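Visitor: Dropping the structure in here first, questions after.
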Amino acid sequence: MSQMEILTERIELQVKGTPPMMAFVARPADSEPRAGLLVFQEAYGVNAHIRNVTERFAREGYVAVAPELFHRTAPPGFEGEYGNFASVTPHYQPLTNGAIAQDIAVTYEWLRSRDQVHAPNISSVGFCLGGRASFLANTIVPLKSAVSFYGGGIAPALLDSAARLHAPQLLIWGGLDKHIPPEQRKAVTDALTANGKVYVNAEFSNADHGFFCDERSSYNPVAARQAWALTLEFLRS
């Protein structure tokens with residue numbers, strides 16, 4: 001396992017017409033040119049799990065940034081409670097794809113402008129809500145690649161934008177996921193196929209929604225290890 005020394009910080013980004021958006025940044029401690037990575041949160045905020053994932057990517061050599069997508073309605077540093085979806089509903093429900101697109105553009109521009117980041121080599125990864133955000137990012141900024149873990153809401157809302165995908169897309173699903181039924185998963189791959197897009201579709205048949213997160217009851221350590229390895233290889237190649 002890579003043990004690269006990393007640095008972390010919190011930054012403040014300005015999104016027009018909204019309260020400031022905080023973001024968590026993790027990056028290699030050296031000054032070598034690096035790939036950039038947008039890391040998009042679950043519905044529970046940029047919590048300890050998402051910060052840990054962001055740090056894991058930094059140890060693999062990425063300048064990684066996780067923006068707080070709930071900044072319009074939640075205080076900085078907001079974290080919901082796993083197992084209590086009601087704790088995040090006031091922030092999750094009003095968050096439109098248009099608002100997420102604003103946040104994506106601002107975060108991408110910040111990352112692209114870093115001296116340490118090799119601008120043509122910026123990708124995205126997201127989980128749950130963030131899986132949808134990662135797919136959306138692939139349609140609006142010039143990414144190298146994009147990864148969506150169990151992205152709820154890609155189908156049907158974003159299917160019409162499949163033609164605008166800039167880069168190869170990795171889709172990761174849990175076969176036991178009742179939140180994203182098989183017909184929705186198929187609708188996403190059908191849309192990508194119809195538009196001639198390059199994608200990889202990976203379904204872990206014995207995994208449920210949120211299986212990558214070791215703080216959730218649905219955590220599946222075997223599927224999580226395999227999905228992590230697949231994600232790293234996809235981003236590198």
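Numbering starts fresh at 1 for the residues of each chain in the structure tokens, the chains themselves are lettered A, B, ... in the order given, and ligands are numbered from 1 as they appear.
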Please identify the strand (DSSP E) residues within stretch 17-81 of chain A (assignment by DSSP from backbone atoms) and present them as JSON, numbers by chain.
Guide: {"A": [21, 22, 23, 24, 25, 26, 27, 28, 34, 35, 36, 37, 38, 39, 40, 62, 63, 64, 65, 66, 67]}
Visitor: Using only C-alpha atoms, determine which residues lie at most 12 Å from A:Val53, disregarding the query and same-chain residues fewer than 4 positions distant; provide the list as an NGL selection string.
Guide: :A and (24-26 or 37-42 or 46-49 or 57-60 or 62 or 64-66 or 125-127 or 212-214 or 224 or 228)
Visitor: Write out as a ChimeraX atom specification which residues come within 9 Å of stretch 13-18 of chain A when counting only C-alpha atoms, dropping same-chain ones fewer than 5 positions away.
Guide: /A:23,67,71-72,102-103,106-107,110
Visitor: Could those selected residues go to a file with N, CA and C atoms, as an mmCIF file, in the first residue's frame?
Guide:
```cif
data_model
loop_
_atom_site.group_PDB
_atom_site.id
_atom_site.type_symbol
_atom_site.label_atom_id
_atom_site.label_comp_id
_atom_site.auth_asym_id
_atom_site.auth_seq_id
_atom_site.Cartn_x
_atom_site.Cartn_y
_atom_site.Cartn_z
ATOM 1 N N ALA A 23 -14.626 23.283 1.193
ATOM 2 C CA ALA A 23 -14.191 22.047 0.552
ATOM 3 C C ALA A 23 -12.990 21.499 1.304
ATOM 4 N N PRO A 67 -15.936 19.070 -2.357
ATOM 5 C CA PRO A 67 -16.745 20.249 -2.029
ATOM 6 C C PRO A 67 -17.984 19.890 -1.228
ATOM 7 N N HIS A 71 -23.913 23.499 0.837
ATOM 8 C CA HIS A 71 -23.577 24.804 1.414
ATOM 9 C C HIS A 71 -24.708 25.824 1.315
ATOM 10 N N ARG A 72 -25.680 25.600 0.448
ATOM 11 C CA ARG A 72 -26.790 26.552 0.332
ATOM 12 C C ARG A 72 -27.721 26.509 1.536
ATOM 13 N N GLN A 102 -23.313 24.194 -10.843
ATOM 14 C CA GLN A 102 -22.591 25.401 -10.415
ATOM 15 C C GLN A 102 -21.391 25.030 -9.545
ATOM 16 N N ASP A 103 -21.628 24.162 -8.571
ATOM 17 C CA ASP A 103 -20.580 23.765 -7.633
ATOM 18 C C ASP A 103 -19.455 23.024 -8.353
ATOM 19 N N VAL A 106 -17.192 25.548 -10.320
ATOM 20 C CA VAL A 106 -16.316 26.336 -9.448
ATOM 21 C C VAL A 106 -15.190 25.470 -8.884
ATOM 22 N N THR A 107 -15.529 24.266 -8.443
ATOM 23 C CA THR A 107 -14.508 23.381 -7.862
ATOM 24 C C THR A 107 -13.507 22.952 -8.928
ATOM 25 N N TRP A 110 -11.097 25.811 -9.626
ATOM 26 C CA TRP A 110 -10.096 25.932 -8.557
ATOM 27 C C TRP A 110 -9.016 24.870 -8.737
#
```
Visitor: Between A:Arg56, A:Arg185, A:Arg34, A:Arg10, which one has atoms that come closest to A:Pro120, using only C-alpha atoms?
Guide: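 That would be A:Arg34, the residue with the smallest distance to A:Pro120.
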Visitor: Kindly indicate which residue among A:Tyr44, A:Phe70, A:Phe135, A:Tyr82 lies nearest to A:Ser218, using only C-alpha atoms for the distances.
Guide: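 Smallest distance to A:Ser218 is found for A:Tyr82.
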Visitor: Excluding A:Ala137 and its own-chain neighbours fewer than 6 positions away, which residues fall within 8 Å of it when counting only C-alpha atoms? Please give them as a PyMOL selection string.
Guide: chain A and resi 101+104+124+143+146
Visitor: Can you spit out the residues from that selection as a short mmCIF file (atom, residue, chain, number, x, y, z; two decimals), in the first residue's frame, using N, CA and C atoms?
Guide:
```
data_model
loop_
_atom_site.label_atom_id
_atom_site.label_comp_id
_atom_site.auth_asym_id
_atom_site.auth_seq_id
_atom_site.Cartn_x
_atom_site.Cartn_y
_atom_site.Cartn_z
N ALA A 101 -24.32 21.57 -10.69
CA ALA A 101 -23.50 21.97 -11.84
C ALA A 101 -22.70 23.23 -11.53
N ILE A 104 -19.83 22.17 -9.30
CA ILE A 104 -18.84 21.43 -10.08
C ILE A 104 -17.94 22.39 -10.83
N SER A 124 -13.08 12.59 -11.86
CA SER A 124 -14.02 12.72 -10.74
C SER A 124 -14.45 11.36 -10.24
N LEU A 143 -13.29 16.36 -18.27
CA LEU A 143 -12.61 15.39 -17.44
C LEU A 143 -11.83 14.38 -18.28
N ALA A 146 -14.40 9.52 -15.28
CA ALA A 146 -15.34 9.76 -14.19
C ALA A 146 -15.83 8.43 -13.64
#
```
Visitor: List the spatial neighbours of A:Asn220 as a list in words - criterion: any atom at most 12 Å away, only C-alpha atoms, same-chain residues fewer than 2 positions off excluded.
Guide: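 My reading of the contact set: Gly174, Leu176, Phe204, Ser205, Asn206, Ala207, Asp208, His209, Gly210, Phe211, Phe212, Cys213, Asp214, Glu215, Arg216, Ser217, Ser218, Val222, Ala223, Ala224, Arg225, Gln226, Ala227 and Trp228 of chain A.
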Visitor: Could you please take those selected residues and save N, CA and C atoms as a short mmCIF file (atom, residue, chain, number, x, y, z; two decimals), in the first residue's frame?
Guide:
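The resulting file, result-v2.cif, is shown below:
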```cif
data_model
loop_
_atom_site.label_atom_id
_atom_site.label_comp_id
_atom_site.auth_asym_id
_atom_site.auth_seq_id
_atom_site.Cartn_x
_atom_site.Cartn_y
_atom_site.Cartn_z
N GLY A 174 -24.45 -1.85 -6.63
CA GLY A 174 -24.69 -3.01 -5.80
C GLY A 174 -25.91 -3.75 -6.32
N LEU A 176 -27.85 -5.72 -4.88
CA LEU A 176 -28.95 -5.78 -3.91
C LEU A 176 -29.58 -4.42 -3.63
N PHE A 204 -21.76 -5.47 -8.38
CA PHE A 204 -21.38 -6.43 -7.34
C PHE A 204 -22.66 -7.07 -6.82
N SER A 205 -22.90 -8.30 -7.25
CA SER A 205 -24.22 -8.92 -7.09
C SER A 205 -24.65 -9.07 -5.64
N ASN A 206 -23.69 -9.23 -4.72
CA ASN A 206 -24.04 -9.47 -3.32
C ASN A 206 -23.83 -8.23 -2.45
N ALA A 207 -23.77 -7.05 -3.09
CA ALA A 207 -23.54 -5.81 -2.35
C ALA A 207 -24.78 -4.92 -2.42
N ASP A 208 -24.96 -4.11 -1.38
CA ASP A 208 -26.13 -3.23 -1.29
C ASP A 208 -25.69 -1.78 -1.49
N HIS A 209 -26.66 -0.89 -1.47
CA HIS A 209 -26.37 0.54 -1.60
C HIS A 209 -25.43 0.98 -0.48
N GLY A 210 -24.41 1.75 -0.82
CA GLY A 210 -23.48 2.23 0.18
C GLY A 210 -22.42 1.22 0.60
N PHE A 211 -22.23 0.17 -0.19
CA PHE A 211 -21.35 -0.93 0.24
C PHE A 211 -19.90 -0.53 0.41
N PHE A 212 -19.49 0.60 -0.16
CA PHE A 212 -18.08 1.01 -0.07
C PHE A 212 -17.76 1.68 1.27
N CYS A 213 -18.77 2.14 1.96
CA CYS A 213 -18.56 2.93 3.18
C CYS A 213 -18.48 2.04 4.41
N ASP A 214 -17.33 2.07 5.09
CA ASP A 214 -17.12 1.20 6.25
C ASP A 214 -17.81 1.70 7.51
N GLU A 215 -18.56 2.80 7.40
CA GLU A 215 -19.33 3.29 8.54
C GLU A 215 -20.82 3.00 8.40
N ARG A 216 -21.20 2.30 7.32
CA ARG A 216 -22.60 2.00 7.09
C ARG A 216 -22.85 0.51 7.31
N SER A 217 -24.08 0.18 7.68
CA SER A 217 -24.43 -1.21 7.94
C SER A 217 -24.35 -2.05 6.67
N SER A 218 -24.40 -1.41 5.52
CA SER A 218 -24.35 -2.12 4.24
C SER A 218 -22.91 -2.36 3.77
N VAL A 222 -15.26 -7.04 1.03
CA VAL A 222 -14.68 -7.67 -0.17
C VAL A 222 -15.03 -6.85 -1.41
N ALA A 223 -16.30 -6.52 -1.55
CA ALA A 223 -16.71 -5.71 -2.70
C ALA A 223 -16.04 -4.34 -2.67
N ALA A 224 -15.86 -3.76 -1.48
CA ALA A 224 -15.22 -2.45 -1.36
C ALA A 224 -13.76 -2.51 -1.82
N ARG A 225 -13.03 -3.56 -1.43
CA ARG A 225 -11.63 -3.70 -1.86
C ARG A 225 -11.54 -3.86 -3.37
N GLN A 226 -12.42 -4.68 -3.92
CA GLN A 226 -12.40 -4.90 -5.37
C GLN A 226 -12.78 -3.63 -6.13
N ALA A 227 -13.77 -2.91 -5.63
CA ALA A 227 -14.20 -1.68 -6.29
C ALA A 227 -13.12 -0.60 -6.22
N TRP A 228 -12.39 -0.57 -5.10
CA TRP A 228 -11.27 0.39 -4.96
C TRP A 228 -10.18 0.09 -5.98
#
```
